[in-house]
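Colleague: Let me give you the structure first, and then I'll get to my questions.
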Amino acid sequence: MEAPFESNPLIDRLPKHLKQFIKPQDYSDYTPINQAVWRYVMRKNVDYLSKVAHSSYLEGLKKTGIAVDNIPNMYGMNRILKEIGWAAVAVDGFIPPNAFMEFQAYNVLVIACDIRQLEHIEYTPAPDIIHEGAGHAPIIANPEYAEYLRRFGEIGCKAISSSRDYELYEAVRLLSIVKEAEGTPQSEIDAAEKQVDFLQNNMGEPSEMAQIRNLHWWTVEYGLIGTIENPKIYGAGLLSSIGESAWCMTDEVEKIPYSIDASNKSFDITKPQPQLFVTPDFAHLSLVLEEFANKMALRTGGLSGIKKLINSQAIGTIELSTGIQISGLFTNVIEDDGKPVYIQTKGKTALSYREKELVGHGTNYHAEGFGSPIGKLKGINLAIEDMSPRDLRAYDIYEAEKVTLEFEGNITVTGEIVTGSRNLQGEIILISFKNCTVTHGETILFQPEWGIYDMAVGKKVISAFSGPADVNSFDMITHVPSSKTIKSIKTAERKELEDLYQNVRDIREGKSTQLSLENTFEKVTQNHPKDWLLPVEIVELIHSKNTVLASKVISHLETLKNSRPEVKKLISNGLELILEKESVL
C-alpha cells in the first residue's frame with residue numbers, strides 16, 4: 001500500500017519542478033529482512049551513539065517519531081515533523097544537488113525510501129532510509145541546526161554549477177545503484193567506480209556548486225561538533241553508518257577545526273573519510289556559510305558572475321542594479337576595462353522583477369534570446385536609472401523620441417522609444433524601442449527587422465545565480481535520470497528466508513505463528529547457512545529463556561564468524577547488545 005505524501009502543508013507549497021522528484025512510499029515493499037536490517041542498525045546506533053553523538057540526536061529520535069523496531073512511515077513522520085516546522089518526502093535515490101538543496105530551503109527533508117542490503121549493513125554509498133530517516137531527520141529537531149539546514153538550502157540552490165558537475169552527479173547516482181543492486185557483476189561496479197574516480201579527479205576549477213557541496217559534505221553529512229579532543233557526531237553520514245561512526249572516533253581520522261577552507265576539500269563517497277571537520281557549535285556553521293555566500297556570484301555579481309553562468313551551460317539569472325532580472329541560457333558577454341558592457345542569452349529568456357515575471361516578457365515573447373547593454377552612458381556621469389524625469393527629457397529618453405544612446409564600452413543603441421517600465425522606486429528598468437539598431441563598434445548586435453528591442457536598464461550586475469528568477473517562467477519538469485534504482489531479486493529461496501524473518505518478527509510481537517524458534521533455527525541452518533542476522537535475532541528472544549537453544553545458536557554464530565570473517569564484527573556487535581556487554585569472543 002502506498003503511503004500518501006500530502007500530509008504536511010509545507011509539501012503543498014513546493015513548486016512543480018520539485019514535486020516531480022517525489023514518489024509515494026510503498027510500505028509494502030519493505031520485506032521482513034529490510035525491517036531486521038533497520039532494527040539492527042538502529043539498536044546498534046542508539047546504544048553506541050548515546051555515547052558519541054550530539055545530545056540532539058537521541059532527543060530528535062523521540063521528537064521525530066522514529067522508532068527502533070520499525071522502518072518509519074512517511075505519513076507518520078510528516079505528522080510529527082509538522083510540529084517542528086518541517087516535512088519529509090520520498091524520492092528515488094540521488095537527486096540533482098540544486099534540487100536537493102532547494103527542498104531544504106522549503107524546510108522539506110528528502111528521504112530516499114530504499115533500504116540497504118543486508119550485505120551493506122555497515123555502509124552504502126546509496127542514499128537510503130537509514131541514512132535519511134535515522135541520520136538527517138533526528139538532528140533537525142535542534143532549532144539552531146534546522147535553521148542552518150534551511151539557510152544552506154536557500155543559498156546552496158543558487159550556487160552555479162559547471163557542466164562537469166551534472167556528469168559527476170549522474171556517475172555517482174549510477175555507482176550507488178549498481179553497488180547496492182543484488183547480483184551486479186563486479187566488472188560493472190569497477191567501471192562505475194572508475195568513471196566516478198576519473199570525474200572526481202578531472203573536475204577542473206571547482207564551481208560554486210562543487211565548493212558548497214564540499215561544505216555540505218563536511219557538515220550535514222560528515223560533521224563533528226565540540227572540541228578537537230572530544231568531538232561529538234552530528235553528520236547524517238556518520239549517524240547512519242555503524243562502521244564509520246566508530247572509525248571516525250579513532251586517531252586514524254584527522255580532526256580539523258571547521259572553517260571556510262573546507263569548501264576546497266573534496267571528498268570521495270566510495271571510501272571512508274581520512275579527515276573530518278569539527279565545528280565548536282551549530283552557530284559557527286552559519287557563520288562559515290555566510291562567509292562563503294559573500295564570495296558567491298549571488299552576492300558579488302559582476303563580470304565573473306556572468307562568466308560562471310556562461311560556463312555552466314545551464315539556465316541562470318543575472319540581476320541588475322535596478323532590480324530587473326534576466327533569466328536564460330547565457331552565451332556571451334562583451335567586456336570593457338574588466339566590466340560587462342553587453343550580455344546575450346540564447347533561446348527562451350524571461351525578464352522578472354523581485355522573482356516575478358514581468359507581464360509580456362516571458363519565454364514566449366523572448367523565445368529567440370535577449371541582449372542588453374549594461375553600464376553608464378559615455379561621457380555622462382549620471383546613470384539612466386538615477387535620472388530624474390527632467391534629466392530623461394533632457395537626454396531625449398522619452399516616449400516617441402528617436403534617440404541614440406552611446407554606452408561605455410562602445411555599445412550604441414539607436415531607435416525610437418516606444419515605452420518604458422519602472423520599478424517600485426520609480427527607476428526605469430526597461431526601455432522598448434522600434435526601428436532599433438544596436439552595435440558594438442562595427443558589429444551589429446540587433447537590427448530593425450528583428451522587431452521591438454527591449455533594453456534592460458542597470459549600471460551594474462549585482463547578482464548572478466543558478467536557475468530562473470521566477471520558477472514558473474520555464475518548463476522545469478523535465479528531469480529524467482539516466483538510471484533508476486533496482487529492486488531486490490525475488491527467488492523461492494529468498495521468499496523462504498523472508499518468511500523465516502517474518503516468523504521471528506511475529507514471535508517478538510506476540511503474534512501466533514506456525515513455526516517455533518527452534519524450528520526456525522533448524523530451517524535457517526539447513527537452507528540458509530550463511531545468514532547471520534536471523535540467528536542473532538533468535539538469540540535475542542531466547543538467551544534468558546532457553547539456554548540450551550541459545551548455546552546452540554551462539555555456537556552456530558561462532559562457526560559463521562570463522563567461515564565468514566567479513567561478518568565477524570557484525571555478529572559480535574549484535575551479540576554484545578543482547579548479552580548485556582558480556583564478552584563475546
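As shown in the C-alpha cells, the chain order sets the letters A, B, ...; within each chain, residues go from 1, and ligands are also counted from 1 in the order they appear.
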Taking the DSSP secondary structure from the backbone, can you list the residues of range 286-484 of chain A that are alpha helix (DSSP H), as a list in words?
Modeller: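 Residues meeting the alpha helix (DSSP H) criterion: Ser286, Leu287, Val288, Leu289, Glu290, Glu291, Phe292, Ala293, Ala297, Leu298, Arg299, Thr300, Gly302, Leu303, Ser304, Gly305, Ile306, Lys307, Lys308, Leu309, Ile310, Asn311, Ser312, Pro389, Arg390, Asp391, Leu392, Arg393 and Ala394 of chain A.
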Colleague: What lies within 12 Å of Gly338 in chain A using only C-alpha atoms, ignoring chain neighbours under 2 positions off, as a PyMOL selection string?
Modeller: chain A and resi 302-304+307+333-336+340-341+408-409
Colleague: With DSSP run on the backbone, what are the strand (DSSP E or B) residues within range 88-335 of chain A? I'd like them as a PyMOL selection string.
Modeller: chain A and resi 88-91+108-112+224-226+231-233+254-257+275-279+316-320+324-335
Colleague: Quick one: residues within 10 Å of Gly458 in chain A, only C-alpha atoms counted, chain neighbours fewer than 6 positions away excluded, as a list in words?
Modeller: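 Near Gly458 in chain A, the qualifying residues are Glu319, Leu320, Ser321, Thr322, Gly323, Ile324, Ser372, Pro373, Ile374, Gly375, Lys376, Ala383, Ile384, Glu385, Asp386, Glu427, Ile428, Ile429 and Leu430 of chain A.
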Colleague: Identify, on the basis of only C-alpha atoms, every residue whose closest approach to Leu287 in chain A does not exceed 12 Å; exclude the query and any residue fewer than 3 positions from it along the same chain; express the result as a short mmCIF file (atom, residue, chain, number, x, y, z; two decimals) with N, CA and C atoms, in the first residue's frame.
Modeller:
```cif
data_model
loop_
_atom_site.label_atom_id
_atom_site.label_comp_id
_atom_site.auth_asym_id
_atom_site.auth_seq_id
_atom_site.Cartn_x
_atom_site.Cartn_y
_atom_site.Cartn_z
N TYR A 148 20.14 26.32 10.15
CA TYR A 148 21.34 26.22 9.30
C TYR A 148 21.02 25.41 8.05
N ARG A 151 18.79 27.47 5.71
CA ARG A 151 19.56 28.56 5.11
C ARG A 151 20.56 28.01 4.09
N PHE A 152 21.15 26.87 4.41
CA PHE A 152 22.08 26.24 3.48
C PHE A 152 21.38 25.92 2.16
N TYR A 258 36.67 23.42 11.84
CA TYR A 258 35.86 23.75 10.66
C TYR A 258 35.98 25.23 10.31
N SER A 259 36.26 25.49 9.03
CA SER A 259 36.36 26.86 8.53
C SER A 259 35.99 26.84 7.05
N ILE A 260 36.05 28.01 6.43
CA ILE A 260 35.72 28.10 5.01
C ILE A 260 36.69 27.31 4.15
N THR A 279 33.17 21.57 14.20
CA THR A 279 32.66 22.91 14.49
C THR A 279 32.48 23.05 16.01
N PRO A 280 32.79 24.20 16.59
CA PRO A 280 32.61 24.36 18.03
C PRO A 280 31.14 24.30 18.45
N ASP A 281 30.25 24.78 17.58
CA ASP A 281 28.81 24.76 17.87
C ASP A 281 28.06 24.94 16.55
N PHE A 282 26.75 24.80 16.59
CA PHE A 282 25.95 24.91 15.37
C PHE A 282 25.93 26.33 14.83
N ALA A 283 26.02 27.33 15.70
CA ALA A 283 26.02 28.73 15.25
C ALA A 283 27.21 29.02 14.34
N HIS A 284 28.35 28.36 14.62
CA HIS A 284 29.56 28.57 13.82
C HIS A 284 29.34 28.10 12.37
N GLU A 290 27.73 32.00 5.72
CA GLU A 290 27.60 33.39 5.29
C GLU A 290 28.91 33.91 4.70
N GLU A 291 30.02 33.48 5.27
CA GLU A 291 31.33 33.87 4.74
C GLU A 291 31.49 33.36 3.31
N PHE A 292 31.06 32.12 3.08
CA PHE A 292 31.13 31.57 1.72
C PHE A 292 30.17 32.28 0.79
N ALA A 293 28.95 32.53 1.27
CA ALA A 293 27.93 33.18 0.44
C ALA A 293 28.38 34.56 -0.02
N ASN A 294 29.16 35.24 0.82
CA ASN A 294 29.65 36.57 0.46
C ASN A 294 30.59 36.54 -0.74
#
```
Colleague: For each of A:Ile578, A:Ala400, A:Leu557, A:Ile452, take the minimum atom-to-atom distance to Leu541 in chain A, counting only C-alpha atoms, then give the residue where this is smallest.
Modeller: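 Counting only C-alpha atoms, the residue closest to Leu541 in chain A is A:Ile578.
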Colleague: Would you work out the distance separating CA of Leu239 in chain A from CA of Ala134 in chain A, expressed in Å to one decimal?
Modeller: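 Answer for the CA of Leu239 in chain A to CA of Ala134 in chain A separation: 7.3 Å.
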Colleague: Contacts of Val178 in chain A at 9 Å or less, counting only C-alpha atoms, minus same-chain residues fewer than 4 places along, as a ChimeraX atom specification?
Modeller: /A:173-174,182-185,188-189,192,485-486
Colleague: Would you put the residues from that selection into a file with N, CA, C and O atoms, as a compact mmCIF listing (two decimals), in the first residue's frame?
Modeller:
```txt
# COMPACT_ATOMS: atom_id res chain seq x y z
N ARG A 173 25.29 8.70 -9.01
CA ARG A 173 23.98 8.05 -8.91
C ARG A 173 24.05 6.62 -9.46
O ARG A 173 23.56 5.67 -8.83
N LEU A 174 24.67 6.46 -10.63
CA LEU A 174 24.80 5.12 -11.24
C LEU A 174 25.60 4.19 -10.34
O LEU A 174 25.21 3.05 -10.11
N GLU A 182 21.49 -6.18 -6.11
CA GLU A 182 21.94 -7.57 -5.95
C GLU A 182 22.43 -8.13 -7.28
O GLU A 182 21.85 -7.88 -8.33
N GLY A 183 23.49 -8.89 -7.23
CA GLY A 183 23.96 -9.62 -8.40
C GLY A 183 24.62 -8.79 -9.48
O GLY A 183 24.81 -9.27 -10.61
N THR A 184 24.99 -7.54 -9.18
CA THR A 184 25.68 -6.74 -10.19
C THR A 184 27.07 -7.32 -10.44
O THR A 184 27.82 -7.54 -9.48
N PRO A 185 27.43 -7.58 -11.70
CA PRO A 185 28.78 -8.10 -11.99
C PRO A 185 29.85 -7.14 -11.47
O PRO A 185 29.69 -5.91 -11.58
N GLU A 188 30.98 -4.41 -13.75
CA GLU A 188 30.10 -3.25 -13.89
C GLU A 188 30.34 -2.25 -12.76
O GLU A 188 30.36 -1.03 -12.97
N ILE A 189 30.54 -2.79 -11.55
CA ILE A 189 30.83 -1.91 -10.39
C ILE A 189 32.18 -1.23 -10.60
O ILE A 189 32.32 -0.03 -10.36
N ALA A 192 31.88 1.62 -13.07
CA ALA A 192 31.20 2.77 -12.48
C ALA A 192 32.12 3.51 -11.51
O ALA A 192 32.15 4.75 -11.48
N THR A 485 16.80 3.16 -9.58
CA THR A 485 17.17 2.20 -8.55
C THR A 485 16.62 0.82 -8.90
O THR A 485 15.58 0.69 -9.55
N ILE A 486 17.33 -0.21 -8.46
CA ILE A 486 16.99 -1.59 -8.83
C ILE A 486 16.47 -2.32 -7.60
O ILE A 486 17.12 -2.34 -6.55
```
Colleague: So which one's closest to Met77 in chain A, A:Thr64, A:Thr349, A:Asn201, A:Ser28? Using only C-alpha atoms, please.
Modeller: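 Using only C-alpha atoms, Met77 in chain A sits closest to A:Thr64.
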Colleague: Can you work out the spacing between CA of Ile233 in chain A and CA of Ala87 in chain A in Å, to one decimal?
Modeller: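 About the pair CA of Ile233 in chain A and CA of Ala87 in chain A: they are 23.3 Å apart.
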Colleague: Using only C-alpha atoms, can you tell me which of A:Gly60, A:Pro138, A:Pro32, A:Gly226 comes closest to Glu498 in chain A?
Modeller: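 Using only C-alpha atoms, the shortest distance to Glu498 in chain A belongs to A:Pro32.
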Colleague: Restricting the calculation to only C-alpha atoms: of A:Arg422, A:Lys23, A:Lys179, A:His366, which residue gets closest to Asp92 in chain A?
Modeller: A:Lys23
Colleague: Restricting the calculation to only C-alpha atoms: of A:Val37, A:Leu579, A:Leu329, A:Leu199, which residue gets closest to Gly371 in chain A?
Modeller: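 That would be A:Leu329, the residue with the smallest distance to Gly371 in chain A.
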Colleague: So how far away is CA of Arg213 in chain A from CA of Ser162 in chain A, in Å?
Modeller: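 Computing the Euclidean distance for CA of Ser162 in chain A and CA of Arg213 in chain A yields 12.7 Å.
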Colleague: What lies within 12 Å of Ile269 in chain A using only C-alpha atoms, ignoring chain neighbours under 5 positions off, as a list in words?
Modeller: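 What passes the distance filter is Tyr123, Thr124, Pro125, Ala126, Pro127, Leu168, Tyr169, Ala171, Val172, Arg173, Leu175, Ser176, Glu193, Val196, Asp197, Gln200, Asn214, Trp217, Trp218, Glu221, Tyr222, Gly237 and Pro274 of chain A.
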Colleague: Please identify all polymer residues within 10 Å of Asn472 in chain A, counting only C-alpha atoms, omitting same-chain residues fewer than 5 positions from it, and present them as an MDAnalysis selection string.
Modeller: chainID A and resid 15:17 355:357 362
Colleague: Given the choices A:Pro206, A:Gly243, A:Pro468, A:Gly156, which gets closest to Pro96 in chain A if the distance is worked out from only C-alpha atoms?
Modeller: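 Checking each candidate against Pro96 in chain A, we get A:Gly156 as the closest.
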